[in-house]
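K.L.:
This is the content of final-v8.csv (CSV, C-alpha atoms):
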chain,number,residue,atom,x,y,z
D,21,MET,CA,95.9,87.8,77.5
D,22,PRO,CA,94.7,91.5,77.5
D,23,SER,CA,93.3,92.9,74.3
D,24,ASP,CA,95.4,95.0,71.9
D,25,ALA,CA,93.1,98.0,72.6
D,26,TYR,CA,93.7,97.8,76.3
D,27,VAL,CA,97.5,97.5,75.9
D,28,LEU,CA,97.4,100.5,73.5
D,29,ALA,CA,95.4,102.5,76.0
D,30,ALA,CA,97.9,101.5,78.8
D,31,LEU,CA,100.8,102.6,76.6
D,32,THR,CA,99.1,105.9,75.7
D,33,THR,CA,98.4,106.6,79.4
D,34,ILE,CA,102.1,106.0,80.3
D,35,LEU,CA,103.2,108.2,77.4
D,36,ALA,CA,101.0,111.1,78.5
D,37,VAL,CA,102.1,110.9,82.1
D,38,THR,CA,105.8,110.5,81.2
D,39,PHE,CA,105.8,113.3,78.7
D,40,ALA,CA,104.0,115.6,81.2
D,41,LEU,CA,106.7,114.8,83.8
D,42,ARG,CA,109.5,115.5,81.4
D,43,ALA,CA,108.1,118.6,79.7
D,44,LEU,CA,106.0,120.5,82.3
D,45,PRO,CA,109.0,121.3,84.6
D,46,PHE,CA,110.6,123.3,81.7
D,47,ALA,CA,107.4,125.5,81.6
D,48,VAL,CA,107.2,125.9,85.4
D,49,LEU,CA,110.9,125.8,86.1
D,50,GLU,CA,111.3,128.8,88.4
D,51,PRO,CA,109.0,127.9,91.3
D,52,LEU,CA,110.4,124.3,91.3
D,53,ARG,CA,114.0,125.5,91.4
D,54,GLY,CA,113.5,127.3,94.7
D,55,SER,CA,111.3,124.6,96.4
D,56,ALA,CA,113.0,123.0,99.4
D,57,PHE,CA,110.6,120.1,99.3
D,58,MET,CA,111.5,119.4,95.7
D,59,GLY,CA,115.2,119.5,96.6
D,60,PHE,CA,114.4,117.1,99.5
D,61,LEU,CA,112.5,114.7,97.3
D,62,SER,CA,115.2,114.7,94.6
D,63,ARG,CA,117.7,113.6,97.1
D,64,TYR,CA,115.8,111.1,99.1
D,65,MET,CA,113.1,109.7,96.8
D,66,PRO,CA,115.1,107.8,94.1
D,67,VAL,CA,116.8,105.3,96.4
D,68,GLY,CA,113.5,104.5,98.0
D,69,ILE,CA,111.5,104.2,94.8
D,70,MET,CA,114.2,101.8,93.4
D,71,THR,CA,114.0,99.8,96.7
D,72,ILE,CA,110.3,99.4,96.3
D,73,LEU,CA,110.7,98.3,92.7
D,74,VAL,CA,113.2,95.6,93.8
D,75,VAL,CA,110.6,94.2,96.3
D,76,TYR,CA,107.8,94.5,93.6
D,77,THR,CA,109.8,92.4,91.2
D,78,LEU,CA,110.3,89.7,93.9
D,79,LYS,CA,106.7,89.7,95.2
D,80,ASP,CA,105.8,86.4,93.5
D,81,VAL,CA,108.7,84.5,94.9
D,82,SER,CA,107.4,81.8,97.2
D,83,LEU,CA,109.3,81.7,100.5
D,84,GLY,CA,107.2,78.8,101.8
D,85,THR,CA,107.8,76.3,99.1
D,86,GLY,CA,110.4,75.0,96.7
D,87,TRP,CA,113.8,76.5,97.4
D,88,HIS,CA,112.4,79.2,99.8
D,89,GLY,CA,113.8,82.1,97.8
D,90,LEU,CA,117.3,80.7,97.8
D,91,PRO,CA,118.1,81.3,94.1
D,92,GLU,CA,116.7,84.8,94.3
D,93,ALA,CA,118.8,85.5,97.4
D,94,ILE,CA,122.0,84.2,95.7
D,95,ALA,CA,121.4,86.1,92.5
D,96,LEU,CA,120.7,89.3,94.4
D,97,GLY,CA,123.9,88.7,96.3
D,98,VAL,CA,125.8,88.3,93.1
D,99,THR,CA,124.3,91.5,91.7
D,100,VAL,CA,125.1,93.6,94.8
D,101,GLY,CA,128.5,92.1,95.2
D,102,LEU,CA,129.5,92.7,91.6
D,103,HIS,CA,128.2,96.3,91.7
D,104,VAL,CA,129.9,97.2,95.0
D,105,TRP,CA,133.1,95.6,93.6
D,106,ARG,CA,133.2,96.9,90.0
D,107,HIS,CA,130.6,99.8,89.8
D,108,ASN,CA,129.7,98.6,86.3
D,109,ALA,CA,126.0,98.5,85.8
D,110,LEU,CA,126.0,96.2,82.8
D,111,LEU,CA,128.4,93.7,84.4
D,112,SER,CA,126.2,93.6,87.6
D,113,ILE,CA,123.0,93.2,85.7
D,114,LEU,CA,124.3,90.5,83.3
D,115,GLY,CA,126.2,88.7,86.1
D,116,GLY,CA,123.2,88.6,88.4
D,117,THR,CA,120.8,87.6,85.7
D,118,ALA,CA,123.1,84.9,84.3
D,119,ALA,CA,123.6,83.5,87.8
D,120,TYR,CA,119.8,83.3,88.3
D,121,VAL,CA,119.0,81.8,84.9
D,122,LEU,CA,121.8,79.2,85.5
D,123,LEU,CA,120.6,78.4,89.0
D,124,VAL,CA,116.9,77.9,88.1
D,125,ASN,CA,117.6,75.9,85.0
D,126,THR,CA,120.2,73.6,86.7
D,127,VAL,CA,120.9,72.9,90.3
D,128,LEU,CA,117.9,74.7,91.8
D,129,ALA,CA,115.6,73.8,89.0
D,130,SER,CA,112.3,73.3,90.9
D,131,ALA,CA,112.5,76.8,92.3
D,132,VAL,CA,110.3,78.6,89.7
D,133,ALA,CA,106.8,77.6,88.8
Z,15,MET,CA,122.5,127.3,63.6
Z,16,PRO,CA,124.2,123.9,63.1
Z,17,ASP,CA,124.4,122.6,59.6
Z,18,ARG,CA,121.9,119.7,59.6
Z,19,SER,CA,123.3,118.2,56.4
Z,20,SER,CA,126.8,117.8,58.0
Z,21,PRO,CA,127.6,114.3,59.1
Z,22,ARG,CA,129.8,115.6,61.9
Z,23,PRO,CA,127.2,116.1,64.7
Z,24,LEU,CA,126.1,112.5,64.0
Z,25,ALA,CA,129.7,111.2,64.1
Z,26,ALA,CA,130.2,113.1,67.3
Z,27,ALA,CA,127.0,111.8,68.8
Z,28,LEU,CA,128.0,108.3,67.9
Z,29,THR,CA,131.1,108.8,70.0
Z,30,ASP,CA,129.0,110.4,72.8
Z,31,THR,CA,126.8,107.4,73.1
Z,32,VAL,CA,129.2,104.4,72.8
Z,33,SER,CA,129.2,103.8,76.6
Z,34,VAL,CA,125.4,103.9,76.9
Z,35,GLY,CA,125.0,101.8,73.7
Z,36,VAL,CA,127.0,99.0,75.2
Z,37,ALA,CA,124.5,98.8,78.1
Z,38,LEU,CA,121.3,99.7,76.2
Z,39,VAL,CA,121.5,97.0,73.5
Z,40,PRO,CA,121.8,94.0,75.8
Z,41,LEU,CA,119.2,95.4,78.1
Z,42,GLY,CA,117.0,96.0,75.1
Z,43,VAL,CA,117.5,92.3,74.1
Z,44,ALA,CA,116.5,91.2,77.6
Z,45,PHE,CA,113.4,93.5,77.3
Z,46,GLY,CA,112.4,92.0,74.0
Z,47,LEU,CA,112.8,88.4,75.3
Z,48,LEU,CA,110.6,89.3,78.3
Z,49,VAL,CA,107.9,90.8,76.0
Z,50,VAL,CA,107.6,87.5,74.1
Z,51,GLU,CA,107.9,85.4,77.3
Z,52,ALA,CA,105.0,87.4,78.8
Z,53,GLY,CA,102.9,86.2,75.8
Z,54,LEU,CA,102.8,89.4,73.8
Z,55,SER,CA,103.6,89.5,70.1
Z,56,TRP,CA,107.1,90.6,69.1
Z,57,TRP,CA,106.0,93.8,67.6
Z,58,TRP,CA,104.9,95.1,70.9
Z,59,ALA,CA,108.5,95.5,71.9
Z,60,PRO,CA,109.2,98.4,69.5
Z,61,LEU,CA,105.8,99.9,70.3
Z,62,PHE,CA,106.6,99.9,74.0
Z,63,SER,CA,109.9,101.5,73.3
Z,64,VAL,CA,108.3,104.3,71.2
Z,65,PHE,CA,105.3,104.9,73.5
Z,66,ILE,CA,106.9,104.6,76.8
Z,67,TYR,CA,110.6,105.0,76.2
Z,68,ALA,CA,111.7,104.9,79.9
Z,69,GLY,CA,113.7,101.7,80.3
Z,70,SER,CA,112.8,100.6,83.8
Z,71,LEU,CA,109.1,101.5,83.4
Z,72,GLU,CA,108.9,99.5,80.2
Z,73,PHE,CA,110.0,96.4,82.0
Z,74,LEU,CA,107.5,97.2,84.7
Z,75,ALA,CA,104.7,97.9,82.1
Z,76,ILE,CA,105.0,94.3,80.8
Z,77,GLY,CA,103.8,92.9,84.1
Z,78,LEU,CA,101.2,95.6,84.7
Z,79,VAL,CA,99.7,95.1,81.2
Z,80,VAL,CA,99.7,91.3,81.4
Z,81,ALA,CA,97.9,91.6,84.8
Z,82,ALA,CA,95.3,93.9,83.2
Z,83,THR,CA,96.0,96.6,85.8
Z,84,PRO,CA,93.4,99.5,85.8
Z,85,LEU,CA,94.6,102.5,83.7
Z,86,ALA,CA,94.3,104.8,86.8
Z,87,SER,CA,96.8,102.6,88.7
Z,88,ILE,CA,99.1,102.5,85.7
Z,89,ALA,CA,99.0,106.3,85.5
Z,90,LEU,CA,99.8,106.6,89.2
Z,91,ALA,CA,102.6,104.1,89.0
Z,92,THR,CA,104.0,106.0,86.0
Z,93,LEU,CA,103.8,109.2,87.9
Z,94,LEU,CA,105.7,107.8,90.9
Z,95,VAL,CA,108.3,105.7,89.1
Z,96,ASN,CA,109.1,108.5,86.6
Z,97,PHE,CA,108.8,111.4,89.1
Z,98,ARG,CA,112.6,111.7,89.1
Z,99,HIS,CA,112.4,113.2,85.6
Z,100,VAL,CA,110.8,116.3,87.0
Z,101,PHE,CA,114.2,117.2,88.4
Z,102,TYR,CA,116.1,116.7,85.1
Z,103,ALA,CA,114.5,119.9,83.7
Z,104,LEU,CA,116.5,121.9,86.3
Z,105,SER,CA,119.8,121.3,84.5
Z,106,PHE,CA,119.2,119.6,81.1
Z,107,PRO,CA,120.5,121.9,78.3
Z,108,LEU,CA,117.2,122.2,76.5
Z,109,TYR,CA,118.2,125.9,75.8
Z,110,ALA,CA,120.6,124.5,73.2
Z,111,VAL,CA,117.8,122.8,71.2
Z,112,ARG,CA,116.0,125.0,68.7
Z,113,GLY,CA,112.8,124.4,66.9
Z,114,ARG,CA,109.5,123.2,68.2
Z,115,ALA,CA,109.8,119.6,66.8
Z,116,ALA,CA,113.3,119.2,68.0
Z,117,ARG,CA,112.5,120.6,71.5
Z,118,THR,CA,109.4,118.3,71.8
Z,119,TYR,CA,111.4,115.3,70.8
Z,120,SER,CA,114.2,116.3,73.2
Z,121,MET,CA,111.8,116.5,76.1
Z,122,TYR,CA,110.0,113.3,75.2
Z,123,ALA,CA,113.4,111.4,75.0
Z,124,LEU,CA,114.8,112.8,78.2
Z,125,THR,CA,115.7,109.5,79.8
Z,126,ASP,CA,118.2,109.0,82.6
Z,127,GLU,CA,120.8,108.1,80.1
Z,128,ALA,CA,120.2,111.2,77.9
Z,129,TYR,CA,120.2,113.4,80.9
Z,130,ALA,CA,123.6,112.0,82.0
Z,131,LEU,CA,125.1,112.1,78.4
Z,132,ALA,CA,124.0,115.7,77.8
Z,133,HIS,CA,126.4,116.8,80.5
Z,134,HIS,CA,129.2,115.0,78.8
Z,135,ILE,CA,128.9,117.1,75.7
Z,136,PRO,CA,131.2,120.2,76.1
Z,137,GLU,CA,129.1,123.4,76.6
Z,138,ALA,CA,130.4,125.0,73.3
Z,139,GLU,CA,129.4,121.9,71.3
Z,140,ARG,CA,125.8,121.6,72.5
Z,141,THR,CA,124.0,122.3,69.3
Z,142,THR,CA,120.5,121.2,68.3
Z,143,ALA,CA,121.9,118.5,66.0
Z,144,ARG,CA,124.4,117.1,68.5
Z,145,VAL,CA,121.9,116.9,71.4
Z,146,VAL,CA,119.1,115.5,69.3
Z,147,TRP,CA,121.3,113.0,67.5
Z,148,MET,CA,122.6,111.8,70.9
Z,149,GLN,CA,119.0,111.2,72.0
Z,150,VAL,CA,117.9,109.6,68.7
Z,151,LEU,CA,120.9,107.2,68.9
Z,152,CYS,CA,120.1,106.2,72.5
Z,153,GLN,CA,116.5,105.4,71.5
Z,154,SER,CA,117.7,103.5,68.4
Z,155,TYR,CA,120.0,101.3,70.5
Z,156,TRP,CA,117.1,100.5,72.8
Z,157,VAL,CA,114.5,99.9,70.1
Z,158,LEU,CA,116.8,97.8,67.9
Z,159,GLY,CA,117.9,95.7,71.0
Z,160,GLY,CA,114.3,95.2,71.9
Z,161,ILE,CA,113.4,94.0,68.4
Z,162,ALA,CA,116.4,91.7,68.3
Z,163,GLY,CA,115.4,90.2,71.7
Z,164,ALA,CA,111.8,89.8,70.7
Z,165,LEU,CA,112.6,88.1,67.4
Z,166,LEU,CA,115.1,85.9,69.2
Z,167,GLY,CA,112.3,85.0,71.7
Z,168,GLU,CA,110.0,84.0,68.8
Z,169,VAL,CA,112.7,81.8,67.2
Z,170,LEU,CA,113.9,80.1,70.4
Z,171,PRO,CA,111.9,77.0,71.2
Z,172,GLU,CA,111.7,78.3,74.8
Z,173,VAL,CA,112.9,81.5,76.4
Z,174,PRO,CA,115.3,80.5,79.2
Z,175,ARG,CA,113.5,80.5,82.5
Z,176,GLY,CA,114.4,83.2,85.0
Z,177,MET,CA,115.1,86.0,82.5
Z,178,TRP,CA,112.8,88.2,84.5
Z,179,PHE,CA,115.6,88.6,87.1
Z,180,ALA,CA,117.2,91.1,84.7
Z,181,LEU,CA,114.6,93.6,86.0
Z,182,THR,CA,115.4,92.9,89.7
Z,183,ALA,CA,119.1,93.3,88.9
Z,184,LEU,CA,118.4,96.5,87.0
Z,185,PHE,CA,116.5,98.1,90.0
Z,186,THR,CA,119.0,96.8,92.5
Z,187,VAL,CA,121.8,98.5,90.5
Z,188,LEU,CA,119.8,101.7,90.3
Z,189,ALA,CA,119.1,101.6,94.0
Z,190,LEU,CA,122.8,101.1,94.8
Z,191,ASP,CA,123.7,104.0,92.5
Z,192,ALA,CA,121.0,106.2,94.1
Z,193,TYR,CA,122.3,105.3,97.5
Z,194,ARG,CA,125.8,106.2,96.5
Z,195,HIS,CA,124.4,109.6,95.6
Z,196,SER,CA,122.3,110.2,98.7
Z,197,ARG,CA,124.3,108.3,101.4
Z,198,ASP,CA,121.1,108.1,103.3
Z,199,VAL,CA,120.0,104.9,105.2
Z,200,PRO,CA,116.5,106.0,106.5
Z,201,SER,CA,115.0,106.4,103.0
Z,202,PRO,CA,115.6,102.8,101.7
Z,203,VAL,CA,114.5,101.5,105.2
Z,204,LEU,CA,111.3,103.5,105.0
Z,205,ALA,CA,110.8,102.3,101.5
Z,206,LEU,CA,111.4,98.7,102.4
Z,207,GLY,CA,108.9,99.0,105.3
Z,208,SER,CA,106.4,100.6,102.9
Z,209,ALA,CA,106.8,97.8,100.4
Z,210,LEU,CA,106.4,95.1,103.1
Z,211,VAL,CA,103.3,96.7,104.6
Z,212,ALA,CA,101.8,97.2,101.1
Z,213,LEU,CA,102.5,93.5,100.4
Z,214,LEU,CA,100.5,92.6,103.5
Z,215,VAL,CA,97.5,95.0,103.1
Z,216,ALA,CA,97.2,95.3,99.3
Z,217,PRO,CA,99.1,92.6,97.4
Z,218,GLY,CA,97.1,93.3,94.3
Z,219,GLU,CA,98.0,97.0,94.3
Z,220,MET,CA,101.3,96.6,96.0
Z,221,LEU,CA,103.3,99.0,93.8
Z,222,VAL,CA,101.1,102.1,94.1
Z,223,VAL,CA,100.2,101.5,97.8
Z,224,ALA,CA,103.9,101.1,98.7
Z,225,MET,CA,104.9,104.3,96.8
Z,226,LEU,CA,102.1,106.4,98.4
Z,227,LEU,CA,103.1,105.1,101.9
Z,228,PHE,CA,106.7,106.0,101.1
Z,229,LEU,CA,105.9,109.4,99.8
Z,230,THR,CA,103.8,110.0,102.9
Z,231,ALA,CA,106.7,108.9,105.1
Z,232,LEU,CA,109.1,111.2,103.2
Z,233,THR,CA,106.7,114.1,103.6
Z,234,VAL,CA,106.4,113.6,107.3
Z,235,ARG,CA,110.2,113.4,107.5
Z,236,PHE,CA,110.5,116.6,105.6
Z,237,ALA,CA,108.0,118.3,107.9
Z,238,LEU,CA,109.9,117.0,111.0
Z,239,ARG,CA,113.2,118.2,109.7
Z,240,ARG,CA,111.8,121.7,108.9
Z,241,ARG,CA,110.5,122.2,112.4
Z,242,PRO,CA,113.0,124.2,114.5
Z,243,ASP,CA,112.6,121.8,117.5
Z,244,GLY,CA,112.1,118.8,115.3
Z,245,ARG,CA,113.3,115.5,116.6
Z,246,GLY,CA,113.1,113.9,113.1
Z,247,PRO,CA,116.0,111.9,111.6
Z,248,ASP,CA,117.4,115.1,110.1
Z,249,ALA,CA,117.0,117.4,113.0
Z,250,GLU,CA,120.8,117.7,113.5
Z,251,GLU,CA,121.3,118.3,109.8
Z,252,ALA,CA,118.5,121.0,109.8
Z,253,ALA,CA,120.1,122.6,112.8
Z,254,ARG,CA,123.4,122.8,111.0
Z,255,ALA,CA,121.9,124.2,107.8
Would you encode the structure as structure tokens?

P.N.:
Amino acid sequence: MPSDAYVLAALTTILAVTFALRALPFAVLEPLRGSAFMGFLSRYMPVGIMTILVVYTLKDVSLGTGWHGLPEAIALGVTVGLHVWRHNALLSILGGTAAYVLLVNTVLASAVA
Amino acid sequence: MPDRSSPRPLAAALTDTVSVGVALVPLGVAFGLLVVEAGLSWWWAPLFSVFIYAGSLEFLAIGLVVAATPLASIALATLLVNFRHVFYALSFPLYAVRGRAARTYSMYALTDEAYALAHHIPEAERTTARVVWMQVLCQSYWVLGGIAGALLGEVLPEVPRGMWFALTALFTVLALDAYRHSRDVPSPVLALGSALVALLVAPGEMLVVAMLLFLTALTVRFALRRRPDGRGPDAEEAARA
């Protein structure tokens, strides 16, 4: 387990970067507003960043052993299906997570280490 | 100037934030459970939510911190994950917030939810008190949910296995919402490719490598679409513009 000092340093780092990202644009608003590249990024970046984050959260899933990623695939399907159907973020997140927790604690129990 | 002693901005802000509160409290509970499950003490949950206060990044930070990720990598991951906040300044009604302390808090607490909710407040009612109360309430729901979850995690004999999937589900939902906004297939495909390449070449630094690859791919795509004779994915779109 990392030391408290390290965790605090990590949190402070994140605070500084996040605050800079949120506050600096207000100071340098004008050049940003006209930038075509910023407009391009604001449109095409979020969906990609979120896609990368989905893969990142699944990177430790073992495809070669256990259930070969079956519970993750099912729960991902439930999440996507619910969201496309109802457009309700809370329902999709709770439904997908409940499906996964249920699966790995019951029928597909050996799937997680 | 709004009357700060009046309870009305608070009451109005309560109404403003009901929809978000319904989502933030349970997600906060899931976050608190994961903090304890990761082996951190329960009181880290509120500290994360005060220091970081960026829902998705907080979930991510648990894993980064437990893996003792170098601070430079954490800074870079933060920069890339939270980069979208740069665009919020373009239309967030900060002009309605007066006073250095209030403005500083308002910028610090400019989350996705606060950005969305600020636009739901009618233009004429955007006072300092109304906007700041809205943000204070959003953060309160999140912090209290996190404490509740973390304490629950301490009491439970065992946190149910698989809770981590809440994070996957959260990002999946955010990706789908972002897709509904952009209606663009190449971006998620480029991102998926970047993620898989990063997994192969740098599994230890997968997140940052994938995001840099993706940013490079987007920059190339931007350059291609800007070229008059470009044959990039957006050449037709650029030609039309």

K.L.:
With distances taken over all atoms listed in the file, which of D:Leu123, D:Val67, D:Leu28, D:Leu111 is nearest to chain Z?

P.N.:
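Among the listed residues, D:Val67 lies closest to chain Z.
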
K.L.:
Using all atoms listed in the file, which residue out of Z:Tyr67, Z:Tyr193, Z:Trp178, Z:Tyr102 lies closest to Val81 in chain D?

P.N.:
Z:Trp178

K.L.:
From the set Z:Ala115, Z:Val150, Z:Val36, Z:Trp56, which residue has the shortest atom-to-atom contact distance to chain D, counting all atoms listed in the file?

P.N.:
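With all atoms listed in the file as the atom set, the closest residue is Z:Val36.
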
K.L.:
Extract, using only C-alpha atoms, all DNA, RNA and protein residues at most 9 Å from Ala95 in chain D, discarding same-chain residues fewer than 4 positions from it, and format them as a list in words.

P.N.:
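That gives Leu90, Pro91, Thr99, Val100, Gly115, Gly116, Thr117, Ala118, Ala119, Tyr120 and Leu123 of chain D; Phe179 and Ala183 of chain Z.
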
K.L.:
Distance limit 8 Å, atoms considered: only C-alpha atoms. Which chain D residues sit that close to chain Z? Return them as a PDB file with C-alpha atoms, in the frame of the given file.

P.N.:
ATOM      1  CA  MET D  21      95.900  87.800  77.500  1.00  0.00           C
ATOM      2  CA  PRO D  22      94.700  91.500  77.500  1.00  0.00           C
ATOM      3  CA  VAL D  27      97.500  97.500  75.900  1.00  0.00           C
ATOM      4  CA  ALA D  29      95.400 102.500  76.000  1.00  0.00           C
ATOM      5  CA  ALA D  30      97.900 101.500  78.800  1.00  0.00           C
ATOM      6  CA  LEU D  31     100.800 102.600  76.600  1.00  0.00           C
ATOM      7  CA  THR D  32      99.100 105.900  75.700  1.00  0.00           C
ATOM      8  CA  THR D  33      98.400 106.600  79.400  1.00  0.00           C
ATOM      9  CA  ILE D  34     102.100 106.000  80.300  1.00  0.00           C
ATOM     10  CA  LEU D  35     103.200 108.200  77.400  1.00  0.00           C
ATOM     11  CA  VAL D  37     102.100 110.900  82.100  1.00  0.00           C
ATOM     12  CA  THR D  38     105.800 110.500  81.200  1.00  0.00           C
ATOM     13  CA  PHE D  39     105.800 113.300  78.700  1.00  0.00           C
ATOM     14  CA  LEU D  41     106.700 114.800  83.800  1.00  0.00           C
ATOM     15  CA  ARG D  42     109.500 115.500  81.400  1.00  0.00           C
ATOM     16  CA  ALA D  43     108.100 118.600  79.700  1.00  0.00           C
ATOM     17  CA  LEU D  44     106.000 120.500  82.300  1.00  0.00           C
ATOM     18  CA  PRO D  45     109.000 121.300  84.600  1.00  0.00           C
ATOM     19  CA  PHE D  46     110.600 123.300  81.700  1.00  0.00           C
ATOM     20  CA  LEU D  49     110.900 125.800  86.100  1.00  0.00           C
ATOM     21  CA  ARG D  53     114.000 125.500  91.400  1.00  0.00           C
ATOM     22  CA  PHE D  57     110.600 120.100  99.300  1.00  0.00           C
ATOM     23  CA  PHE D  60     114.400 117.100  99.500  1.00  0.00           C
ATOM     24  CA  LEU D  61     112.500 114.700  97.300  1.00  0.00           C
ATOM     25  CA  SER D  62     115.200 114.700  94.600  1.00  0.00           C
ATOM     26  CA  ARG D  63     117.700 113.600  97.100  1.00  0.00           C
ATOM     27  CA  TYR D  64     115.800 111.100  99.100  1.00  0.00           C
ATOM     28  CA  MET D  65     113.100 109.700  96.800  1.00  0.00           C
ATOM     29  CA  PRO D  66     115.100 107.800  94.100  1.00  0.00           C
ATOM     30  CA  VAL D  67     116.800 105.300  96.400  1.00  0.00           C
ATOM     31  CA  GLY D  68     113.500 104.500  98.000  1.00  0.00           C
ATOM     32  CA  ILE D  69     111.500 104.200  94.800  1.00  0.00           C
ATOM     33  CA  MET D  70     114.200 101.800  93.400  1.00  0.00           C
ATOM     34  CA  THR D  71     114.000  99.800  96.700  1.00  0.00           C
ATOM     35  CA  ILE D  72     110.300  99.400  96.300  1.00  0.00           C
ATOM     36  CA  LEU D  73     110.700  98.300  92.700  1.00  0.00           C
ATOM     37  CA  VAL D  74     113.200  95.600  93.800  1.00  0.00           C
ATOM     38  CA  VAL D  75     110.600  94.200  96.300  1.00  0.00           C
ATOM     39  CA  TYR D  76     107.800  94.500  93.600  1.00  0.00           C
ATOM     40  CA  THR D  77     109.800  92.400  91.200  1.00  0.00           C
ATOM     41  CA  LEU D  78     110.300  89.700  93.900  1.00  0.00           C
ATOM     42  CA  LYS D  79     106.700  89.700  95.200  1.00  0.00           C
ATOM     43  CA  LEU D  96     120.700  89.300  94.400  1.00  0.00           C
ATOM     44  CA  THR D  99     124.300  91.500  91.700  1.00  0.00           C
ATOM     45  CA  VAL D 100     125.100  93.600  94.800  1.00  0.00           C
ATOM     46  CA  HIS D 103     128.200  96.300  91.700  1.00  0.00           C
ATOM     47  CA  ALA D 109     126.000  98.500  85.800  1.00  0.00           C
ATOM     48  CA  LEU D 110     126.000  96.200  82.800  1.00  0.00           C
ATOM     49  CA  SER D 112     126.200  93.600  87.600  1.00  0.00           C
ATOM     50  CA  ILE D 113     123.000  93.200  85.700  1.00  0.00           C
ATOM     51  CA  LEU D 114     124.300  90.500  83.300  1.00  0.00           C
ATOM     52  CA  GLY D 116     123.200  88.600  88.400  1.00  0.00           C
ATOM     53  CA  THR D 117     120.800  87.600  85.700  1.00  0.00           C
ATOM     54  CA  TYR D 120     119.800  83.300  88.300  1.00  0.00           C
ATOM     55  CA  VAL D 121     119.000  81.800  84.900  1.00  0.00           C
ATOM     56  CA  VAL D 124     116.900  77.900  88.100  1.00  0.00           C
ATOM     57  CA  ASN D 125     117.600  75.900  85.000  1.00  0.00           C
ATOM     58  CA  VAL D 132     110.300  78.600  89.700  1.00  0.00           C
TER      59      VAL D 132
END

K.L.:
What lies within 7 Å of Val111 in chain Z using only C-alpha atoms, ignoring chain neighbours under 4 positions off, as a list in words?

P.N.:
Ala116, Arg117, Thr141 and Thr142 of chain Z

K.L.:
Any idea what the distance is between CA of Met148 in chain Z and CA of Ala27 in chain Z?

P.N.:
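Computed distance, CA of Met148 in chain Z to CA of Ala27 in chain Z, equals 4.9 Å.
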
K.L.:
Starting from the structure just given, write a file holding range 81-119 of chain D with C-alpha atoms, as a PDB file, in the first residue's frame.

P.N.:
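File selection12.pdb, as written:
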ATOM      1  CA  VAL D  81      -9.491  -8.998 -17.506  1.00  0.00           C
ATOM      2  CA  SER D  82      -7.943 -12.313 -18.482  1.00  0.00           C
ATOM      3  CA  LEU D  83      -9.116 -13.546 -21.858  1.00  0.00           C
ATOM      4  CA  GLY D  84      -7.062 -16.732 -21.691  1.00  0.00           C
ATOM      5  CA  THR D  85      -8.260 -18.181 -18.416  1.00  0.00           C
ATOM      6  CA  GLY D  86     -11.418 -18.537 -16.331  1.00  0.00           C
ATOM      7  CA  TRP D  87     -14.507 -17.442 -18.206  1.00  0.00           C
ATOM      8  CA  HIS D  88     -12.470 -15.704 -20.969  1.00  0.00           C
ATOM      9  CA  GLY D  89     -14.047 -12.301 -20.334  1.00  0.00           C
ATOM     10  CA  LEU D  90     -17.606 -13.596 -20.631  1.00  0.00           C
ATOM     11  CA  PRO D  91     -19.017 -11.829 -17.528  1.00  0.00           C
ATOM     12  CA  GLU D  92     -17.404  -8.539 -18.609  1.00  0.00           C
ATOM     13  CA  ALA D  93     -18.844  -8.921 -22.120  1.00  0.00           C
ATOM     14  CA  ILE D  94     -22.326  -9.662 -20.761  1.00  0.00           C
ATOM     15  CA  ALA D  95     -22.271  -6.753 -18.294  1.00  0.00           C
ATOM     16  CA  LEU D  96     -20.953  -4.419 -20.996  1.00  0.00           C
ATOM     17  CA  GLY D  97     -23.814  -5.572 -23.223  1.00  0.00           C
ATOM     18  CA  VAL D  98     -26.338  -4.903 -20.443  1.00  0.00           C
ATOM     19  CA  THR D  99     -24.902  -1.397 -19.888  1.00  0.00           C
ATOM     20  CA  VAL D 100     -24.932  -0.489 -23.589  1.00  0.00           C
ATOM     21  CA  GLY D 101     -28.340  -2.073 -24.157  1.00  0.00           C
ATOM     22  CA  LEU D 102     -29.931  -0.245 -21.222  1.00  0.00           C
ATOM     23  CA  HIS D 103     -28.402   3.059 -22.269  1.00  0.00           C
ATOM     24  CA  VAL D 104     -29.441   2.817 -25.907  1.00  0.00           C
ATOM     25  CA  TRP D 105     -32.910   1.785 -24.755  1.00  0.00           C
ATOM     26  CA  ARG D 106     -33.611   4.248 -21.916  1.00  0.00           C
ATOM     27  CA  HIS D 107     -30.930   7.009 -22.167  1.00  0.00           C
ATOM     28  CA  ASN D 108     -30.787   7.035 -18.379  1.00  0.00           C
ATOM     29  CA  ALA D 109     -27.186   7.128 -17.120  1.00  0.00           C
ATOM     30  CA  LEU D 110     -27.988   6.021 -13.585  1.00  0.00           C
ATOM     31  CA  LEU D 111     -30.112   3.081 -14.751  1.00  0.00           C
ATOM     32  CA  SER D 112     -27.431   1.953 -17.214  1.00  0.00           C
ATOM     33  CA  ILE D 113     -24.608   2.167 -14.653  1.00  0.00           C
ATOM     34  CA  LEU D 114     -26.546   0.502 -11.830  1.00  0.00           C
ATOM     35  CA  GLY D 115     -27.973  -2.157 -14.176  1.00  0.00           C
ATOM     36  CA  GLY D 116     -24.615  -3.017 -15.721  1.00  0.00           C
ATOM     37  CA  THR D 117     -22.815  -3.091 -12.374  1.00  0.00           C
ATOM     38  CA  ALA D 118     -25.568  -5.137 -10.711  1.00  0.00           C
ATOM     39  CA  ALA D 119     -25.428  -7.632 -13.591  1.00  0.00           C
TER      40      ALA D 119
END
